[in-house]
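model-v6.cif (mmCIF, N, CA and C atoms) appears below.
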data_my_file
#
loop_
_atom_site.label_atom_id
_atom_site.label_comp_id
_atom_site.auth_asym_id
_atom_site.auth_seq_id
_atom_site.Cartn_x
_atom_site.Cartn_y
_atom_site.Cartn_z
N MET A 653 0.82 -1.19 0.00
CA MET A 653 0.00 0.00 0.00
C MET A 653 0.86 1.25 0.00
N ASP A 654 2.08 1.14 0.50
CA ASP A 654 2.98 2.30 0.49
C ASP A 654 3.23 2.79 -0.94
N SER A 655 3.39 1.86 -1.87
CA SER A 655 3.61 2.24 -3.27
C SER A 655 2.37 2.91 -3.85
N ALA A 656 1.20 2.44 -3.50
CA ALA A 656 -0.04 3.06 -3.97
C ALA A 656 -0.17 4.47 -3.39
N LEU A 657 0.20 4.65 -2.14
CA LEU A 657 0.17 5.99 -1.55
C LEU A 657 1.15 6.92 -2.25
N ALA A 658 2.31 6.40 -2.63
CA ALA A 658 3.28 7.22 -3.38
C ALA A 658 2.69 7.65 -4.72
N GLU A 659 1.96 6.76 -5.38
CA GLU A 659 1.31 7.11 -6.65
C GLU A 659 0.22 8.16 -6.41
N ALA A 660 -0.49 8.06 -5.31
CA ALA A 660 -1.52 9.05 -4.99
C ALA A 660 -0.90 10.42 -4.74
N ARG A 661 0.22 10.45 -4.02
CA ARG A 661 0.90 11.71 -3.78
C ARG A 661 1.37 12.34 -5.09
N ALA A 662 1.90 11.53 -5.98
CA ALA A 662 2.35 12.02 -7.29
C ALA A 662 1.16 12.56 -8.09
N ALA A 663 0.02 11.91 -8.00
CA ALA A 663 -1.18 12.39 -8.69
C ALA A 663 -1.58 13.76 -8.14
N ALA A 664 -1.53 13.93 -6.84
CA ALA A 664 -1.88 15.21 -6.23
C ALA A 664 -0.96 16.32 -6.72
N LEU A 665 0.31 16.02 -6.84
CA LEU A 665 1.26 17.02 -7.33
C LEU A 665 0.97 17.42 -8.78
N ARG A 666 0.33 16.54 -9.53
CA ARG A 666 -0.06 16.85 -10.92
C ARG A 666 -1.42 17.56 -10.96
N GLY A 667 -2.04 17.77 -9.79
CA GLY A 667 -3.36 18.40 -9.75
C GLY A 667 -4.51 17.43 -9.92
N GLU A 668 -4.21 16.15 -9.84
CA GLU A 668 -5.23 15.11 -9.96
C GLU A 668 -5.73 14.73 -8.57
N VAL A 669 -6.94 14.20 -8.50
CA VAL A 669 -7.43 13.66 -7.24
C VAL A 669 -6.45 12.57 -6.81
N PRO A 670 -5.94 12.64 -5.58
CA PRO A 670 -4.88 11.73 -5.15
C PRO A 670 -5.34 10.30 -4.87
N VAL A 671 -5.39 9.53 -5.92
CA VAL A 671 -5.68 8.10 -5.81
C VAL A 671 -4.56 7.37 -6.53
N GLY A 672 -4.04 6.34 -5.89
CA GLY A 672 -2.97 5.54 -6.47
C GLY A 672 -3.32 4.06 -6.44
N ALA A 673 -2.77 3.33 -7.41
CA ALA A 673 -3.02 1.89 -7.52
C ALA A 673 -1.75 1.17 -7.90
N VAL A 674 -1.60 -0.03 -7.37
CA VAL A 674 -0.45 -0.88 -7.68
C VAL A 674 -0.97 -2.30 -7.87
N LEU A 675 -0.53 -2.94 -8.95
CA LEU A 675 -0.91 -4.33 -9.22
C LEU A 675 0.29 -5.25 -8.99
N VAL A 676 0.06 -6.31 -8.23
CA VAL A 676 1.11 -7.25 -7.88
C VAL A 676 0.76 -8.62 -8.46
N ALA A 677 1.73 -9.21 -9.15
CA ALA A 677 1.55 -10.53 -9.77
C ALA A 677 1.57 -11.62 -8.70
N PRO A 678 1.11 -12.81 -9.06
CA PRO A 678 1.11 -13.92 -8.09
C PRO A 678 2.49 -14.21 -7.49
N ASP A 679 3.56 -13.90 -8.23
CA ASP A 679 4.91 -14.17 -7.71
C ASP A 679 5.45 -13.02 -6.84
N GLY A 680 4.62 -12.00 -6.61
CA GLY A 680 5.01 -10.89 -5.75
C GLY A 680 5.64 -9.70 -6.46
N ARG A 681 5.82 -9.78 -7.77
CA ARG A 681 6.37 -8.65 -8.53
C ARG A 681 5.32 -7.57 -8.75
N VAL A 682 5.73 -6.32 -8.62
CA VAL A 682 4.86 -5.22 -9.00
C VAL A 682 4.88 -5.15 -10.52
N VAL A 683 3.72 -5.31 -11.14
CA VAL A 683 3.65 -5.33 -12.61
C VAL A 683 3.08 -4.05 -13.19
N ALA A 684 2.44 -3.23 -12.36
CA ALA A 684 1.91 -1.95 -12.85
C ALA A 684 1.62 -1.06 -11.66
N ARG A 685 1.74 0.23 -11.90
CA ARG A 685 1.41 1.23 -10.89
C ARG A 685 0.93 2.46 -11.61
N ALA A 686 0.01 3.18 -10.99
CA ALA A 686 -0.54 4.38 -11.62
C ALA A 686 -1.23 5.25 -10.58
N GLY A 687 -1.35 6.50 -10.94
CA GLY A 687 -2.16 7.45 -10.19
C GLY A 687 -3.19 8.02 -11.14
N ASN A 688 -4.21 8.64 -10.59
CA ASN A 688 -5.23 9.26 -11.45
C ASN A 688 -4.59 10.18 -12.48
N ARG A 689 -5.15 10.19 -13.70
CA ARG A 689 -4.68 11.08 -14.77
C ARG A 689 -5.86 11.59 -15.61
N THR A 690 -7.03 11.71 -15.00
CA THR A 690 -8.20 12.11 -15.78
C THR A 690 -8.05 13.49 -16.37
N ARG A 691 -7.54 14.43 -15.61
CA ARG A 691 -7.37 15.80 -16.11
C ARG A 691 -6.23 15.87 -17.12
N GLU A 692 -5.11 15.28 -16.77
CA GLU A 692 -3.93 15.32 -17.65
C GLU A 692 -4.22 14.73 -19.03
N LEU A 693 -4.95 13.63 -19.05
CA LEU A 693 -5.24 12.94 -20.31
C LEU A 693 -6.59 13.35 -20.92
N SER A 694 -7.32 14.22 -20.24
CA SER A 694 -8.69 14.59 -20.67
C SER A 694 -9.49 13.33 -20.96
N ASP A 695 -9.45 12.42 -19.99
CA ASP A 695 -10.05 11.10 -20.15
C ASP A 695 -10.76 10.71 -18.86
N PRO A 696 -12.08 10.69 -18.86
CA PRO A 696 -12.80 10.35 -17.63
C PRO A 696 -12.58 8.91 -17.17
N THR A 697 -12.00 8.07 -18.01
CA THR A 697 -11.73 6.69 -17.61
C THR A 697 -10.32 6.50 -17.07
N ALA A 698 -9.53 7.55 -16.99
CA ALA A 698 -8.13 7.42 -16.58
C ALA A 698 -7.99 7.40 -15.06
N HIS A 699 -8.77 6.55 -14.43
CA HIS A 699 -8.66 6.33 -12.98
C HIS A 699 -7.41 5.48 -12.73
N ALA A 700 -6.84 5.62 -11.55
CA ALA A 700 -5.62 4.90 -11.21
C ALA A 700 -5.76 3.39 -11.43
N GLU A 701 -6.88 2.83 -10.97
CA GLU A 701 -7.09 1.39 -11.10
C GLU A 701 -7.11 0.95 -12.56
N VAL A 702 -7.84 1.69 -13.38
CA VAL A 702 -7.97 1.33 -14.79
C VAL A 702 -6.63 1.44 -15.50
N LEU A 703 -5.88 2.50 -15.23
CA LEU A 703 -4.56 2.66 -15.87
C LEU A 703 -3.62 1.52 -15.48
N ALA A 704 -3.62 1.15 -14.21
CA ALA A 704 -2.76 0.05 -13.77
C ALA A 704 -3.19 -1.27 -14.40
N ILE A 705 -4.49 -1.51 -14.45
CA ILE A 705 -4.99 -2.75 -15.06
C ILE A 705 -4.66 -2.79 -16.55
N ARG A 706 -4.82 -1.67 -17.25
CA ARG A 706 -4.47 -1.62 -18.68
C ARG A 706 -3.01 -1.97 -18.89
N ASP A 707 -2.13 -1.35 -18.09
CA ASP A 707 -0.69 -1.62 -18.23
C ASP A 707 -0.36 -3.07 -17.95
N ALA A 708 -0.94 -3.62 -16.89
CA ALA A 708 -0.65 -5.01 -16.54
C ALA A 708 -1.18 -5.98 -17.59
N CYS A 709 -2.36 -5.71 -18.11
CA CYS A 709 -2.92 -6.57 -19.17
C CYS A 709 -2.07 -6.51 -20.43
N ALA A 710 -1.62 -5.32 -20.78
CA ALA A 710 -0.76 -5.18 -21.96
C ALA A 710 0.54 -5.96 -21.78
N ALA A 711 1.13 -5.86 -20.59
CA ALA A 711 2.37 -6.57 -20.31
C ALA A 711 2.17 -8.08 -20.31
N ALA A 712 1.01 -8.52 -19.82
CA ALA A 712 0.71 -9.96 -19.75
C ALA A 712 0.22 -10.51 -21.09
N GLY A 713 -0.22 -9.62 -21.97
CA GLY A 713 -0.80 -10.07 -23.24
C GLY A 713 -2.12 -10.77 -23.05
N SER A 714 -2.87 -10.33 -22.05
CA SER A 714 -4.15 -10.95 -21.72
C SER A 714 -5.08 -9.92 -21.12
N GLU A 715 -6.38 -10.11 -21.30
CA GLU A 715 -7.35 -9.22 -20.67
C GLU A 715 -7.69 -9.65 -19.25
N ARG A 716 -7.10 -10.73 -18.81
CA ARG A 716 -7.36 -11.26 -17.47
C ARG A 716 -6.09 -11.35 -16.66
N LEU A 717 -6.24 -11.11 -15.37
CA LEU A 717 -5.10 -11.10 -14.45
C LEU A 717 -5.36 -12.00 -13.24
N PRO A 718 -5.59 -13.28 -13.47
CA PRO A 718 -5.87 -14.18 -12.34
C PRO A 718 -4.67 -14.24 -11.39
N GLY A 719 -4.98 -14.31 -10.11
CA GLY A 719 -3.93 -14.41 -9.11
C GLY A 719 -3.31 -13.08 -8.71
N HIS A 720 -3.65 -12.01 -9.39
CA HIS A 720 -3.08 -10.70 -9.10
C HIS A 720 -3.80 -10.02 -7.93
N VAL A 721 -3.07 -9.13 -7.27
CA VAL A 721 -3.62 -8.35 -6.17
C VAL A 721 -3.53 -6.88 -6.56
N LEU A 722 -4.64 -6.16 -6.41
CA LEU A 722 -4.68 -4.73 -6.70
C LEU A 722 -4.78 -3.97 -5.39
N TYR A 723 -3.82 -3.08 -5.16
CA TYR A 723 -3.82 -2.20 -4.00
C TYR A 723 -4.25 -0.82 -4.47
N VAL A 724 -5.25 -0.23 -3.83
CA VAL A 724 -5.76 1.08 -4.20
C VAL A 724 -5.96 1.90 -2.93
N THR A 725 -5.63 3.18 -3.01
CA THR A 725 -5.73 4.01 -1.82
C THR A 725 -7.16 4.38 -1.45
N LEU A 726 -8.07 4.35 -2.43
CA LEU A 726 -9.46 4.72 -2.19
C LEU A 726 -10.38 3.62 -2.73
N GLU A 727 -11.46 3.38 -2.04
CA GLU A 727 -12.44 2.41 -2.50
C GLU A 727 -12.79 2.66 -3.97
N PRO A 728 -12.69 1.65 -4.82
CA PRO A 728 -13.01 1.85 -6.24
C PRO A 728 -14.46 2.26 -6.47
N CYS A 729 -14.64 3.11 -7.47
CA CYS A 729 -15.98 3.53 -7.89
C CYS A 729 -16.65 2.35 -8.61
N PRO A 730 -17.93 2.44 -8.92
CA PRO A 730 -18.60 1.34 -9.61
C PRO A 730 -17.94 0.96 -10.95
N PHE A 731 -17.52 1.97 -11.70
CA PHE A 731 -16.84 1.71 -12.98
C PHE A 731 -15.58 0.88 -12.77
N CYS A 732 -14.74 1.30 -11.84
CA CYS A 732 -13.49 0.58 -11.59
C CYS A 732 -13.75 -0.81 -11.03
N ALA A 733 -14.76 -0.93 -10.18
CA ALA A 733 -15.11 -2.25 -9.64
C ALA A 733 -15.49 -3.21 -10.77
N ALA A 734 -16.25 -2.72 -11.74
CA ALA A 734 -16.63 -3.57 -12.88
C ALA A 734 -15.40 -3.99 -13.68
N VAL A 735 -14.44 -3.08 -13.85
CA VAL A 735 -13.20 -3.41 -14.58
C VAL A 735 -12.40 -4.45 -13.79
N ILE A 736 -12.34 -4.29 -12.47
CA ILE A 736 -11.62 -5.25 -11.62
C ILE A 736 -12.24 -6.63 -11.77
N SER A 737 -13.56 -6.70 -11.79
CA SER A 737 -14.26 -7.97 -11.97
C SER A 737 -13.96 -8.56 -13.35
N ALA A 738 -14.03 -7.73 -14.39
CA ALA A 738 -13.79 -8.21 -15.75
C ALA A 738 -12.36 -8.72 -15.92
N ALA A 739 -11.41 -8.12 -15.22
CA ALA A 739 -10.02 -8.54 -15.32
C ALA A 739 -9.71 -9.78 -14.47
N ARG A 740 -10.70 -10.22 -13.71
CA ARG A 740 -10.57 -11.42 -12.87
C ARG A 740 -9.44 -11.30 -11.84
N ILE A 741 -9.28 -10.10 -11.29
CA ILE A 741 -8.27 -9.87 -10.26
C ILE A 741 -8.66 -10.65 -9.01
N ALA A 742 -7.70 -11.33 -8.42
CA ALA A 742 -7.98 -12.24 -7.30
C ALA A 742 -8.32 -11.51 -6.01
N ARG A 743 -7.60 -10.42 -5.73
CA ARG A 743 -7.80 -9.73 -4.45
C ARG A 743 -7.71 -8.23 -4.66
N LEU A 744 -8.62 -7.52 -4.02
CA LEU A 744 -8.63 -6.07 -4.00
C LEU A 744 -8.36 -5.63 -2.58
N VAL A 745 -7.35 -4.79 -2.40
CA VAL A 745 -7.01 -4.23 -1.10
C VAL A 745 -7.11 -2.72 -1.23
N TYR A 746 -7.98 -2.10 -0.44
CA TYR A 746 -8.08 -0.65 -0.54
C TYR A 746 -8.02 0.01 0.82
N GLY A 747 -7.70 1.31 0.79
CA GLY A 747 -7.53 2.08 2.01
C GLY A 747 -8.81 2.72 2.47
N ALA A 748 -9.03 3.96 2.05
CA ALA A 748 -10.16 4.75 2.52
C ALA A 748 -11.47 4.32 1.86
N ALA A 749 -12.53 4.29 2.66
CA ALA A 749 -13.87 4.07 2.11
C ALA A 749 -14.31 5.35 1.40
N ASP A 750 -15.18 5.21 0.42
CA ASP A 750 -15.67 6.37 -0.32
C ASP A 750 -17.20 6.41 -0.27
N PRO A 751 -17.77 7.02 0.80
CA PRO A 751 -19.23 7.04 0.94
C PRO A 751 -19.95 7.73 -0.21
N LYS A 752 -19.31 8.67 -0.87
CA LYS A 752 -19.96 9.42 -1.95
C LYS A 752 -19.94 8.67 -3.29
N SER A 753 -18.81 8.06 -3.63
CA SER A 753 -18.65 7.49 -4.97
C SER A 753 -18.20 6.04 -4.99
N GLY A 754 -18.08 5.40 -3.84
CA GLY A 754 -17.60 4.02 -3.79
C GLY A 754 -18.57 3.04 -4.42
N GLY A 755 -18.03 1.97 -4.91
CA GLY A 755 -18.86 0.95 -5.56
C GLY A 755 -18.63 -0.45 -5.03
N VAL A 756 -17.87 -0.57 -3.93
CA VAL A 756 -17.54 -1.89 -3.40
C VAL A 756 -18.22 -2.11 -2.05
N GLY A 757 -17.86 -1.33 -1.06
CA GLY A 757 -18.47 -1.44 0.27
C GLY A 757 -19.58 -0.44 0.46
N GLN A 758 -19.64 0.55 -0.41
CA GLN A 758 -20.65 1.61 -0.35
C GLN A 758 -21.47 1.54 -1.64
N GLY A 759 -22.48 2.37 -1.72
CA GLY A 759 -23.22 2.52 -2.97
C GLY A 759 -23.72 1.22 -3.55
N PRO A 760 -23.49 1.01 -4.84
CA PRO A 760 -24.09 -0.14 -5.52
C PRO A 760 -23.47 -1.51 -5.19
N ARG A 761 -22.33 -1.54 -4.53
CA ARG A 761 -21.70 -2.81 -4.15
C ARG A 761 -21.67 -3.78 -5.34
N ILE A 762 -20.92 -3.39 -6.34
CA ILE A 762 -20.85 -4.10 -7.62
C ILE A 762 -20.61 -5.60 -7.48
N PHE A 763 -19.74 -5.99 -6.57
CA PHE A 763 -19.39 -7.41 -6.46
C PHE A 763 -20.52 -8.27 -5.88
N SER A 764 -21.55 -7.64 -5.32
CA SER A 764 -22.65 -8.42 -4.74
C SER A 764 -23.73 -8.74 -5.77
N HIS A 765 -23.62 -8.17 -6.96
CA HIS A 765 -24.63 -8.40 -7.99
C HIS A 765 -24.39 -9.71 -8.74
N ALA A 766 -25.47 -10.34 -9.12
CA ALA A 766 -25.38 -11.59 -9.89
C ALA A 766 -24.66 -11.38 -11.22
N GLN A 767 -24.70 -10.16 -11.74
CA GLN A 767 -24.06 -9.86 -13.02
C GLN A 767 -22.54 -9.73 -12.92
N ALA A 768 -21.99 -9.69 -11.73
CA ALA A 768 -20.53 -9.59 -11.58
C ALA A 768 -19.91 -10.86 -12.14
N HIS A 769 -19.04 -10.68 -13.12
CA HIS A 769 -18.38 -11.83 -13.76
C HIS A 769 -17.49 -12.59 -12.79
N HIS A 770 -16.90 -11.86 -11.88
CA HIS A 770 -15.94 -12.44 -10.94
C HIS A 770 -15.96 -11.59 -9.68
N VAL A 771 -15.86 -12.21 -8.54
CA VAL A 771 -15.84 -11.50 -7.27
C VAL A 771 -14.48 -11.72 -6.61
N PRO A 772 -13.69 -10.66 -6.52
CA PRO A 772 -12.39 -10.81 -5.86
C PRO A 772 -12.55 -10.85 -4.34
N GLU A 773 -11.55 -11.35 -3.68
CA GLU A 773 -11.48 -11.19 -2.23
C GLU A 773 -11.27 -9.70 -1.98
N VAL A 774 -11.94 -9.13 -1.00
CA VAL A 774 -11.81 -7.70 -0.71
C VAL A 774 -11.32 -7.50 0.71
N ILE A 775 -10.27 -6.70 0.83
CA ILE A 775 -9.74 -6.31 2.14
C ILE A 775 -9.75 -4.79 2.16
N ASP A 776 -10.44 -4.21 3.12
CA ASP A 776 -10.53 -2.75 3.15
C ASP A 776 -9.90 -2.18 4.41
N GLY A 777 -9.70 -0.88 4.40
CA GLY A 777 -9.20 -0.18 5.57
C GLY A 777 -7.70 -0.20 5.75
N ILE A 778 -6.95 -0.70 4.77
CA ILE A 778 -5.48 -0.76 4.90
C ILE A 778 -4.90 0.62 4.60
N ALA A 779 -4.20 1.19 5.55
CA ALA A 779 -3.64 2.55 5.46
C ALA A 779 -4.73 3.57 5.17
N ALA A 780 -5.92 3.32 5.69
CA ALA A 780 -7.05 4.21 5.45
C ALA A 780 -6.79 5.62 5.95
N ARG A 781 -6.20 5.77 7.11
CA ARG A 781 -5.96 7.11 7.67
C ARG A 781 -5.05 7.92 6.76
N GLU A 782 -3.97 7.32 6.26
CA GLU A 782 -3.05 8.04 5.37
C GLU A 782 -3.75 8.46 4.08
N ALA A 783 -4.54 7.56 3.53
CA ALA A 783 -5.27 7.87 2.30
C ALA A 783 -6.30 8.97 2.54
N GLU A 784 -7.02 8.89 3.64
CA GLU A 784 -8.01 9.92 3.97
C GLU A 784 -7.36 11.27 4.17
N ASP A 785 -6.24 11.28 4.90
CA ASP A 785 -5.55 12.54 5.16
C ASP A 785 -5.07 13.19 3.86
N LEU A 786 -4.56 12.39 2.95
CA LEU A 786 -4.10 12.89 1.66
C LEU A 786 -5.25 13.51 0.87
N LEU A 787 -6.39 12.83 0.84
CA LEU A 787 -7.56 13.34 0.13
C LEU A 787 -8.09 14.62 0.78
N LYS A 788 -8.18 14.63 2.11
CA LYS A 788 -8.69 15.81 2.81
C LYS A 788 -7.79 17.02 2.57
N ALA A 789 -6.48 16.83 2.64
CA ALA A 789 -5.54 17.93 2.41
C ALA A 789 -5.66 18.44 0.97
N PHE A 790 -5.80 17.54 0.03
CA PHE A 790 -5.92 17.93 -1.38
C PHE A 790 -7.17 18.79 -1.59
N PHE A 791 -8.30 18.33 -1.11
CA PHE A 791 -9.55 19.07 -1.33
C PHE A 791 -9.60 20.35 -0.51
N ALA A 792 -9.02 20.36 0.68
CA ALA A 792 -8.97 21.59 1.47
C ALA A 792 -8.15 22.65 0.72
N ALA A 793 -7.04 22.25 0.13
CA ALA A 793 -6.20 23.18 -0.62
C ALA A 793 -6.94 23.68 -1.86
N ARG A 794 -7.72 22.83 -2.51
CA ARG A 794 -8.48 23.21 -3.70
C ARG A 794 -9.57 24.22 -3.37
N ARG A 795 -10.17 24.05 -2.21
CA ARG A 795 -11.24 24.96 -1.80
C ARG A 795 -10.70 26.23 -1.20
N GLY A 796 -9.37 26.30 -1.06
CA GLY A 796 -8.77 27.50 -0.47
C GLY A 796 -8.93 27.53 1.03
N GLY A 797 -9.28 26.37 1.59
CA GLY A 797 -9.48 26.29 3.03
C GLY A 797 -8.20 26.08 3.79
N GLY A 798 -7.09 26.31 3.12
CA GLY A 798 -5.81 26.12 3.79
C GLY A 798 -5.46 24.65 3.80
N GLY A 799 -4.91 24.20 4.87
CA GLY A 799 -4.48 22.81 4.94
C GLY A 799 -3.13 22.66 4.29
N ALA A 800 -2.42 21.71 4.71
CA ALA A 800 -1.09 21.46 4.16
C ALA A 800 -1.21 20.93 2.75
N ALA A 801 -0.26 21.29 1.95
CA ALA A 801 -0.21 20.72 0.60
C ALA A 801 0.12 19.25 0.72
N PRO A 802 -0.41 18.43 -0.19
CA PRO A 802 -0.11 17.00 -0.15
C PRO A 802 1.39 16.78 -0.23
N SER A 803 1.88 15.84 0.55
CA SER A 803 3.32 15.55 0.52
C SER A 803 3.61 14.21 -0.10
#
If you took the structure in this file and wrote it as structure tokens, what would it be?
Amino acid sequence: MDSALAEARAAALRGEVPVGAVLVAPDGRVVARAGNRTRELSDPTAHAEVLAIRDACAAAGSERLPGHVLYVTLEPCPFCAAVISAARIARLVYGAADPKSGGVGQGPRIFSHAQAHHVPEVIDGIAAREAEDLLKAFFAARRGGGGAAPS
């Protein structure tokens, strides 16, 4: 999760919402990492999770990533949860819950639907405080409410 937090910090420095993702192969190698790039790429699908999954799939030469673990600093939105399911990722580990836009433990709970192609193991709350603090500082600075700049 430390690597995902580093990606989130880098995203914040680019002016992106600070979310980071890291994909780990079954043998423990990090095969992809990304931070949000929606603004930079003018692409509403350029979420950290999707970018990391795209890179890992390209490297693997497959649209599926069985046995892989995805670490994300923020609970995936419904869109990202559907992509995680389609990629057949074995385990999702995320930090902060997202009551407004989450799609796993909050909101539509994508993995609980019969239409979910695959349901990964989900572990939540890992480094949640660090992820929450990063997001709060980012949005406080955007609103001009002060707060420390993301580090």
Point-to-point distance from atom C of Ala738 of chain A to atom CA of Ala658 of chain A, Å rounded to tenths: 25.6 Å
Which of A:Ile705, A:Ile741, A:Val674, A:Ala789 sits closest to His720 of chain A [using all atoms listed in the file]: A:Ile741
If the box runs along x, y and z of the file and leaves 8 Å on each side of segment 700-704 of chain A, what are its centre and edge lengths in Å, one decimal, as AutoDock Vina command-line options?
--center_x -5.4 --center_y 2.2 --center_z -13.4 --size_x 21.2 --size_y 22.9 --size_z 20.9
Residue members of the PyMOL selection byres (((chain A and resi 655 and name CA) around 12) and name CA) in the file shown, as a PyMOL selection string: chain A and resi 653-654+656-662+671-676+682+684-687+722-725+779+783
From A:Ala698, A:Ala792, A:Arg691, A:Pro718, residue lying nearest Pro678 of chain A [only N, CA and C atoms]: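 Nearest candidate to Pro678 of chain A out of A:Ala698, A:Ala792, A:Arg691, A:Pro718: A:Pro718.
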List as a compact mmCIF listing (two decimals) with N, CA and C atoms, keeping the file's coordinate frame the protein and nucleic acid residues near Ile762 of chain A, meaning an atom at most 7 Å away when all atoms listed in the file are counted, but skip any in the same chain fewer than 5 places from it.
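The file below, out-v4.txt, is the result:
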# COMPACT_ATOMS: atom_id res chain seq x y z
N PRO A 730 -17.93 2.44 -8.92
CA PRO A 730 -18.60 1.34 -9.61
C PRO A 730 -17.94 0.96 -10.95
N ALA A 733 -14.76 -0.93 -10.18
CA ALA A 733 -15.11 -2.25 -9.64
C ALA A 733 -15.49 -3.21 -10.77
N ALA A 734 -16.25 -2.72 -11.74
CA ALA A 734 -16.63 -3.57 -12.88
C ALA A 734 -15.40 -3.99 -13.68
N GLY A 755 -18.03 1.97 -4.91
CA GLY A 755 -18.86 0.95 -5.56
C GLY A 755 -18.63 -0.45 -5.03
N VAL A 756 -17.87 -0.57 -3.93
CA VAL A 756 -17.54 -1.89 -3.40
C VAL A 756 -18.22 -2.11 -2.05
N GLY A 757 -17.86 -1.33 -1.06
CA GLY A 757 -18.47 -1.44 0.27
C GLY A 757 -19.58 -0.44 0.46
N ALA A 768 -21.99 -9.69 -11.73
CA ALA A 768 -20.53 -9.59 -11.58
C ALA A 768 -19.91 -10.86 -12.14
